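Trainee: I have a structure here, written as structure tokens, and I will follow up with some questions on it.
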Amino acid sequence: MADFLVILRLYVVLHVLLHAHACWEEEKIVLLKLKDAFNYPNGTSLSSWGGEERDCCKWEMVGCSELTKHVIKLSLNNTRVNNNGFFLESSLFHPFEELHELRLDGNSIKGFYGVLRLKKLQMLDLSFNRLIEPSAVSIRLLV
């Protein structure tokens with residue numbers, strides 16, 4: 001049984017190395033939804049997202065693992081400008097299972113809808129927002 005698991009792990013690693021040339025499609029789709037959320041109703045931020053460059057790992061403010069091509073860093077600081085504040089849907093971040101760093105500072109975020117669950121998050125910056133009260137942010141860091 002142990003030999004089977006070693007072979008299976010080796011197969012998975014080789015598959016990732018041979019086929020991971022761009023970001024994961026699910027993460028790309030969610031990044032485009034985040035772009036819409038930050039640009040609602042008529043913003044122009046994150047203009048490089050979804051343009052000619054199809055690999056979201058090459059988009060501004062996105063960092064990916066060299067090995068797996070999963071998104072590990074989102075620097076969305078000062079992205080939403082000229083607004084009265086907004087609530088952000090926390091489930092938009094759930095597909096980023098490998099996310100280590102999330103910068104949301106300076107966006108006038110009032111709070112989150114839902115619970116922000118990020119198992120591997122090591123750094124979260126919510127400074128310079130408009131959080132209504134401490135309970136406006138429900139964060140679970142599962143280790």
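Ordering of the structure tokens sets the chain letters (A, B, ...); residue numbers start at 1 within each chain; ligands are numbered from 1 in the order shown.
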Glu97 of chain A: which residues within 12 Å, counting only C-alpha atoms, same-chain residues fewer than 5 positions away excluded, as a list of chain:residue names?

Mentor: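 Contacts, in chain order: A:Trp24, A:Glu26, A:Glu27, A:Cys64, A:Ser65, A:Thr68, A:Lys69, A:His70, A:Val71, A:Ile72, A:Lys73, A:Ser91, A:Leu92, A:Leu116, A:Arg117, A:Leu118, A:Lys119, A:Lys120, A:Leu121, A:Leu141, A:Leu142.
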
Trainee: Would you save the residues of that selection, restricted to C-alpha atoms, as a compact mmCIF listing (two decimals), in the first residue's frame?

Mentor:
# COMPACT_ATOMS: atom_id res chain seq x y z
CA TRP A 24 -5.95 27.26 -12.72
CA GLU A 26 -11.33 28.01 -11.46
CA GLU A 27 -9.07 30.61 -9.87
CA CYS A 64 1.29 32.30 -8.09
CA SER A 65 3.31 29.33 -6.96
CA THR A 68 1.62 24.47 -8.86
CA LYS A 69 0.45 27.73 -10.51
CA HIS A 70 -2.10 28.20 -7.72
CA VAL A 71 -2.68 31.78 -6.58
CA ILE A 72 -0.72 32.33 -3.35
CA LYS A 73 -0.75 36.14 -3.15
CA SER A 91 -16.95 33.26 -0.58
CA LEU A 92 -15.12 34.83 -3.53
CA LEU A 116 -13.63 34.36 5.32
CA ARG A 117 -12.09 30.87 5.43
CA LEU A 118 -8.49 30.72 4.32
CA LYS A 119 -6.61 27.70 5.64
CA LYS A 120 -3.10 28.68 4.55
CA LEU A 121 -3.29 32.44 5.00
CA LEU A 141 -7.86 30.66 9.93
CA LEU A 142 -7.86 26.89 10.02

Trainee: Could you pull out the strand (DSSP E or B) residues of chain A, going by DSSP on the backbone, and write them as a list in words?

Mentor: Val62, Gly63, Cys64, Val71, Ile72, Lys73, Leu74, Ser75, Phe86, Phe87, Leu88, Glu89, Glu101, Leu102, Arg103, Ile109, Lys110, Gly111, Phe112, Tyr113, Leu116, Arg117, Met123, Leu124, Asp125, Ile139 and Arg140 of chain A

Trainee: Record the distance separating atom CA of Ile109 of chain A and atom CA of Cys57 of chain A, expressed in Å with one decimal.

Mentor: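 A separation of 25.0 Å between them.
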
Trainee: Of the candidates A:Gly63, A:His21, A:Asn129, A:Asn83, which one gets nearest to Asn39 of chain A if we count only C-alpha atoms?

Mentor: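 When distances to Asn39 of chain A are compared using only C-alpha atoms, the smallest one comes from A:Asn83.
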
Trainee: As a ChimeraX atom specification, which residues of chain A does DSSP assign to helix (DSSP H, G or I)?

Mentor: /A:2-19,25-39,56-58,90-93,134-136

Trainee: Between atom CA of Phe86 of chain A and atom CA of Asn107 of chain A, what distance in Å does the model show, to one decimal?

Mentor: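 Atom-to-atom, atom CA of Phe86 of chain A to atom CA of Asn107 of chain A, that is 8.6 Å.
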
Trainee: Pick the closest to Leu32 of chain A from A:Ile7, A:Val115, A:Leu126, A:Val62: which is it, counting only C-alpha atoms?

Mentor: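 When distances to Leu32 of chain A are compared using only C-alpha atoms, the smallest one comes from A:Val62.
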
Trainee: Please list as a list in words every residue within 8 Å of Leu46 of chain A, counting only C-alpha atoms and excluding residues in the same chain fewer than 6 positions away.

Mentor: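 Contacts, in chain order: Lys35, Glu60 and Thr79 of chain A.
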
Trainee: Would you mind exporting the chosen residues as a compact mmCIF listing (two decimals), in the first residue's frame, restricted to C-alpha atoms?

Mentor:
# COMPACT_ATOMS: atom_id res chain seq x y z
CA LYS A 35 -12.52 42.35 -10.57
CA GLU A 60 -0.95 42.65 -11.93
CA THR A 79 -7.91 48.98 -5.82

Trainee: Gly50 of chain A: which residues within 9 Å, counting only C-alpha atoms, same-chain residues fewer than 5 positions away excluded, as a PyMOL selection string?

Mentor: chain A and resi 28+31-32+55-56+59

Trainee: Mind pulling up the distance from atom CA of Leu88 of chain A to atom CA of Leu76 of chain A?

Mentor: 12.5 Å

Trainee: Which residue gives the smallest distance to Arg130 of chain A among A:Phe96, A:Trp49, A:Tyr40, A:Phe112, with only C-alpha atoms counted?

Mentor: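 Residue with the minimum atom-to-atom distance to Arg130 of chain A: A:Phe112.
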
Trainee: Find, counting only C-alpha atoms, the residue in A:Phe38, A:Phe128, A:Tyr113, A:Phe93 that gets nearest to Arg80 of chain A.

Mentor: A:Phe38
